[in-house]
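Dropping upload.cif in here (mmCIF, C-alpha atoms):
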data_structure
loop_
_atom_site.label_atom_id
_atom_site.label_comp_id
_atom_site.auth_asym_id
_atom_site.auth_seq_id
_atom_site.Cartn_x
_atom_site.Cartn_y
_atom_site.Cartn_z
CA MET A 1456 14.59 97.27 79.45
CA ASP A 1457 11.75 94.95 80.57
CA GLU A 1458 9.13 97.65 80.10
CA HIS A 1459 10.47 98.64 76.70
CA HIS A 1460 9.65 96.54 73.68
CA ILE A 1461 10.40 96.76 70.03
CA GLN A 1462 7.32 97.49 67.99
CA ASN A 1463 6.71 98.11 64.32
CA LEU A 1464 9.42 96.08 62.64
CA THR A 1465 7.96 97.11 59.31
CA PRO A 1466 9.66 96.05 56.10
CA PHE A 1467 8.13 97.45 52.97
CA LEU A 1468 9.15 97.56 49.33
CA HIS A 1469 10.05 100.81 47.68
CA SER A 1470 7.78 101.73 44.81
CA ARG A 1471 10.50 101.19 42.21
CA ALA A 1472 10.10 98.14 40.01
CA CYS A 1473 13.17 96.17 40.97
CA ALA A 1474 14.07 93.02 42.86
CA PRO A 1475 13.76 93.41 46.63
CA ARG A 1476 16.91 93.53 48.71
CA PRO A 1477 17.40 93.19 52.46
CA PHE A 1478 17.13 96.05 54.86
CA VAL A 1479 19.27 98.00 57.29
CA ALA A 1480 17.70 99.24 60.51
CA GLY A 1481 16.47 102.79 60.16
CA HIS A 1482 17.80 103.33 56.63
CA ASP A 1483 16.28 103.40 53.17
CA VAL A 1484 17.90 100.85 50.91
CA ARG A 1485 17.77 101.46 47.15
CA CYS A 1486 15.24 99.11 45.54
CA GLY A 1487 14.92 97.21 48.80
CA PHE A 1488 13.36 97.15 52.20
CA ARG A 1489 13.28 99.71 54.93
CA ILE A 1490 12.85 98.92 58.56
CA ARG A 1491 11.52 101.25 61.21
CA LEU A 1492 11.92 100.53 64.89
CA ARG A 1493 10.12 102.32 67.67
CA ILE A 1494 10.73 101.58 71.30
CA LEU A 1495 7.46 101.88 73.19
CA GLU A 1496 6.27 100.97 76.61
CA LEU A 1497 3.69 98.22 76.26
CA PRO A 1498 1.72 96.53 79.01
CA ARG A 1499 2.37 92.86 79.66
CA VAL A 1500 -0.48 90.70 78.49
CA THR A 1501 -1.58 87.21 79.29
CA PRO A 1502 -0.41 84.48 76.91
CA SER A 1503 -2.23 84.49 73.59
CA ARG A 1504 -2.39 80.72 73.34
CA THR A 1505 -2.36 77.86 75.77
CA THR A 1506 -2.06 74.88 73.42
CA PRO A 1507 1.35 73.19 73.65
CA VAL A 1508 3.57 73.81 70.63
CA PRO A 1509 5.16 70.58 69.36
CA LEU A 1510 8.93 70.29 69.19
CA ARG A 1511 10.04 68.46 66.05
CA THR A 1512 13.45 66.83 65.84
CA ALA A 1513 15.14 64.44 63.45
CA GLY A 1514 18.15 62.26 64.06
CA VAL A 1515 19.71 61.17 67.30
CA PHE A 1516 20.11 63.54 70.24
CA SER A 1517 21.61 62.52 73.56
CA HIS A 1518 19.20 62.69 76.49
CA GLY A 1519 20.99 65.80 77.78
CA ASP A 1520 20.98 67.56 74.40
CA ALA A 1521 17.30 66.70 73.85
CA ALA A 1522 16.39 68.06 77.30
CA HIS A 1523 18.42 71.24 76.68
CA LEU A 1524 16.67 71.80 73.33
CA ALA A 1525 13.23 71.13 74.85
CA GLY A 1526 13.88 73.62 77.67
CA ALA A 1527 15.06 76.31 75.26
CA PHE A 1528 12.06 75.64 73.01
CA ARG A 1529 9.62 76.06 75.93
CA ILE A 1530 11.25 79.38 76.83
CA ALA A 1531 11.07 80.58 73.21
CA VAL A 1532 7.36 79.73 73.00
CA SER A 1533 6.64 81.38 76.36
CA ARG A 1534 8.43 84.59 75.31
CA LEU A 1535 6.36 84.74 72.13
CA ARG A 1536 3.21 84.36 74.21
CA LEU A 1537 4.15 86.89 76.89
CA HIS A 1538 5.71 89.65 74.80
CA PRO A 1539 3.69 91.37 72.06
CA SER A 1540 6.95 92.88 70.81
CA CYS A 1541 8.37 89.38 70.33
CA ARG A 1542 5.37 88.35 68.24
CA ALA A 1543 5.69 91.62 66.30
CA LEU A 1544 9.16 90.64 65.07
CA PHE A 1545 7.51 87.78 63.17
CA GLU A 1546 4.24 89.50 62.30
CA GLU A 1547 6.05 92.31 60.53
CA LEU A 1548 7.67 89.65 58.33
CA GLY A 1549 4.19 88.27 57.58
CA ALA A 1550 4.63 85.24 59.84
CA ASP A 1551 3.38 83.77 63.11
CA GLY A 1552 6.28 83.00 65.45
CA GLU A 1553 4.55 80.09 67.19
CA GLU A 1554 3.61 78.49 63.87
CA LEU A 1555 7.20 78.82 62.69
CA LEU A 1556 8.55 77.23 65.86
CA ALA A 1557 5.98 74.42 65.50
CA GLY A 1558 6.99 73.97 61.87
CA SER A 1559 10.73 74.01 62.52
CA LEU A 1560 12.68 70.79 62.36
CA TYR A 1561 15.75 70.64 64.59
CA VAL A 1562 18.61 68.39 63.53
CA ARG A 1563 22.19 67.96 64.63
CA ALA A 1564 24.76 69.58 62.38
CA GLY A 1565 26.80 66.96 60.55
CA SER A 1566 30.58 66.74 60.80
CA HIS A 1567 30.99 68.66 57.54
CA HIS A 1568 28.83 71.51 58.91
CA GLU A 1569 30.69 71.44 62.23
CA THR A 1570 34.01 72.10 60.46
CA GLN A 1571 32.76 74.39 57.67
CA ILE A 1572 30.11 76.48 59.44
CA CYS A 1573 29.90 75.92 63.18
CA GLY A 1574 33.49 76.41 64.26
CA ARG A 1575 33.78 77.84 67.76
CA ARG A 1576 31.19 80.63 67.52
CA VAL A 1577 28.09 79.37 65.70
CA ALA A 1578 25.45 77.57 67.77
CA ALA A 1579 22.89 76.94 65.02
CA PHE A 1580 22.11 77.87 61.43
CA THR A 1581 19.16 77.94 59.07
CA ALA A 1582 18.85 78.67 55.36
CA ILE A 1583 16.55 81.61 54.69
CA GLY A 1584 12.99 80.33 54.32
CA SER A 1585 13.87 76.79 55.44
CA PRO A 1586 12.18 75.01 58.35
CA VAL A 1587 15.36 73.01 59.08
CA THR A 1588 17.57 74.38 61.85
CA ARG A 1589 20.88 72.63 62.32
CA LEU A 1590 22.20 72.68 65.87
CA CYS A 1591 25.95 72.81 66.34
CA ARG A 1592 27.82 71.30 69.28
CA ASN A 1593 28.15 74.85 70.61
CA PHE A 1594 24.38 74.98 71.19
CA ARG A 1595 24.69 72.72 74.23
CA ARG A 1596 27.10 75.18 75.86
CA LEU A 1597 24.50 77.95 75.95
CA ASP A 1598 22.34 78.56 78.98
CA ALA A 1599 18.60 78.00 78.45
CA GLU A 1600 17.75 81.65 77.73
CA GLN A 1601 20.64 82.06 75.28
CA ALA A 1602 19.54 78.86 73.54
CA ALA A 1603 15.94 80.19 73.35
CA LEU A 1604 17.25 83.41 71.81
CA ILE A 1605 19.06 81.33 69.16
CA LEU A 1606 15.88 79.35 68.37
CA LEU A 1607 13.95 82.60 67.89
CA HIS A 1608 16.80 84.06 65.80
CA GLU A 1609 16.74 81.00 63.52
CA ALA A 1610 12.93 81.12 63.30
CA LEU A 1611 13.26 84.69 61.96
CA HIS A 1612 15.42 83.27 59.15
CA PHE A 1613 12.68 80.69 58.51
CA ALA A 1614 10.31 83.69 58.22
CA GLY A 1615 12.61 85.14 55.54
CA LEU A 1616 14.87 87.53 57.44
CA PRO A 1617 18.30 87.61 55.74
CA GLU A 1618 21.60 88.15 57.51
CA ALA A 1619 24.87 89.91 56.72
CA PRO A 1620 27.47 89.15 55.41
CA HIS A 1621 25.56 86.93 52.96
CA GLU A 1622 23.25 89.88 52.28
CA PRO A 1623 25.47 92.93 52.88
CA GLU A 1624 22.64 95.36 53.71
CA ALA A 1625 20.85 92.94 56.05
CA PRO A 1626 21.28 93.02 59.83
CA THR A 1627 24.22 91.11 61.25
CA SER A 1628 23.80 88.09 63.48
CA GLN A 1629 24.58 90.27 66.49
CA GLU A 1630 21.96 92.86 65.46
CA ILE A 1631 19.33 90.13 65.06
CA ASN A 1632 20.25 88.79 68.50
CA GLN A 1633 19.84 92.29 69.94
CA LEU A 1634 16.37 92.61 68.33
CA VAL A 1635 15.32 89.26 69.76
CA ALA A 1636 16.78 90.01 73.19
CA ALA A 1637 15.01 93.38 73.41
CA GLY A 1638 11.75 92.27 71.83
CA CYS A 1639 11.46 88.96 73.67
CA GLY A 1640 12.84 89.94 77.06
CA LEU A 1641 15.90 87.69 76.83
#

Take the structure from the file and write it as structure tokens.
Amino acid sequence: MDEHHIQNLTPFLHSRACAPRPFVAGHDVRCGFRIRLRILELPRVTPSRTTPVPLRTAGVFSHGDAAHLAGAFRIAVSRLRLHPSCRALFEELGADGEELLAGSLYVRAGSHHETQICGRRVAAFTAIGSPVTRLCRNFRRLDAEQAALILLHEALHFAGLPEAPHEPEAPTSQEINQLVAAGCGL
């Protein structure tokens, strides 16, 4: 799938005067968003930017956890630079993926979050529209590319992408991961 990329992740409001709701891939949603996906072959391009993107953290991270996060962050930035389809995931939400990564603040999930949200399956979480991404203990168990995928997934939430089941008609976590994996070559 390296030569195939997701292009045209285009949410748009229906013309009805009602509050927007999240979207479902390929389907019209009453008074909400619609998303269209086209798989196209796109040529690889040189990186769009060369300036380093700063990694912002708060709180205490062990040396190993900090190094793991930094490695995943570098991979996430490089995938945005190398894959137009990766950038398109953010652009179609009206955002710049690199700017969102640079504006994200990574913190360790607290003990309350570890028991209430993280459990055994969640590696990180972000409130929709928030720059704060909380990293669960599970994040350190991911390989570098999986961790980069999670950082990009959470940055999409920062850009405003909702997720099911909190928004029933939104894509699930797994569907978002599949979009990121296909679009960003992960």

Handout entry: Long-range neighbours of Pro1586 in chain A as a ChimeraX atom specification, 6 Å cut-off, all atoms listed in the file, 2 positions minimum in chain
Key = /A:1559-1560,1613

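CA of Leu1634 in chain A sits 13.3 Å away from CA of Gln1601 in chain A.
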
Exercise for the section: For a cut-off of 12 Å around (2.1, 71.5, 74.9), file coordinates, pick out all residues using all atoms listed in the file and list them as a PyMOL selection string. Expected result: chain A and resi 1504-1510+1525+1528-1529+1532-1533+1553+1557

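Against this structure, the PyMOL selection byres ((chain A and resi 1513-1516) around 8) ends up with A:Arg1511, A:Thr1512, A:Ser1517, A:His1518, A:Gly1519, A:Asp1520, A:Ala1521, A:Leu1560, A:Tyr1561, A:Val1562, A:Arg1563.
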
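For the pair CA of Ala1579 in chain A and CA of Ala1564 in chain A, the interatomic distance is 8.0 Å.
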
Practice task
Using only C-alpha atoms, find the one residue out of A:Leu1555, A:Leu1607, A:Leu1597, A:Ala1637 that sits nearest to His1523 in chain A.
Solution key: A:Leu1597

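From CA of Gly1565 in chain A back to CA of Asn1632 in chain A, the distance works out to 24.1 Å.
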
What are the centre and the three edge lengths of an axis-aligned box that wraps all atoms of range 1515-1529 of chain A in the file, given that 8 Å is added to every side, written as AutoDock Vina command-line options and rounded to one decimal in Å?
--center_x 15.6 --center_y 68.7 --center_z 72.5 --size_x 28.0 --size_y 31.1 --size_z 26.5

Practice task
Run the PyMOL selection byres ((chain A and resi 1531) around 12) on the file and write out the hits as a PyMOL selection string.
Solution key: chain A and resi 1508+1510+1524-1530+1532-1538+1541-1542+1552-1553+1555-1557+1599-1610+1635-1636+1638-1641

Fill in the blank from the handout: Shortest contact to Ile1572 in chain A, candidates A:Arg1592, A:Glu1554, A:Ser1540, A:Ser1585, atoms counted all atoms listed in the file, goes to A:Arg1592

Handout entry: Shell of 9 Å around Pro1617 in chain A, only C-alpha atoms, local chain residues under 3 positions omitted, as a ChimeraX atom specification
Key = /A:1477-1478,1582-1583,1611-1612,1621-1622,1625-1627
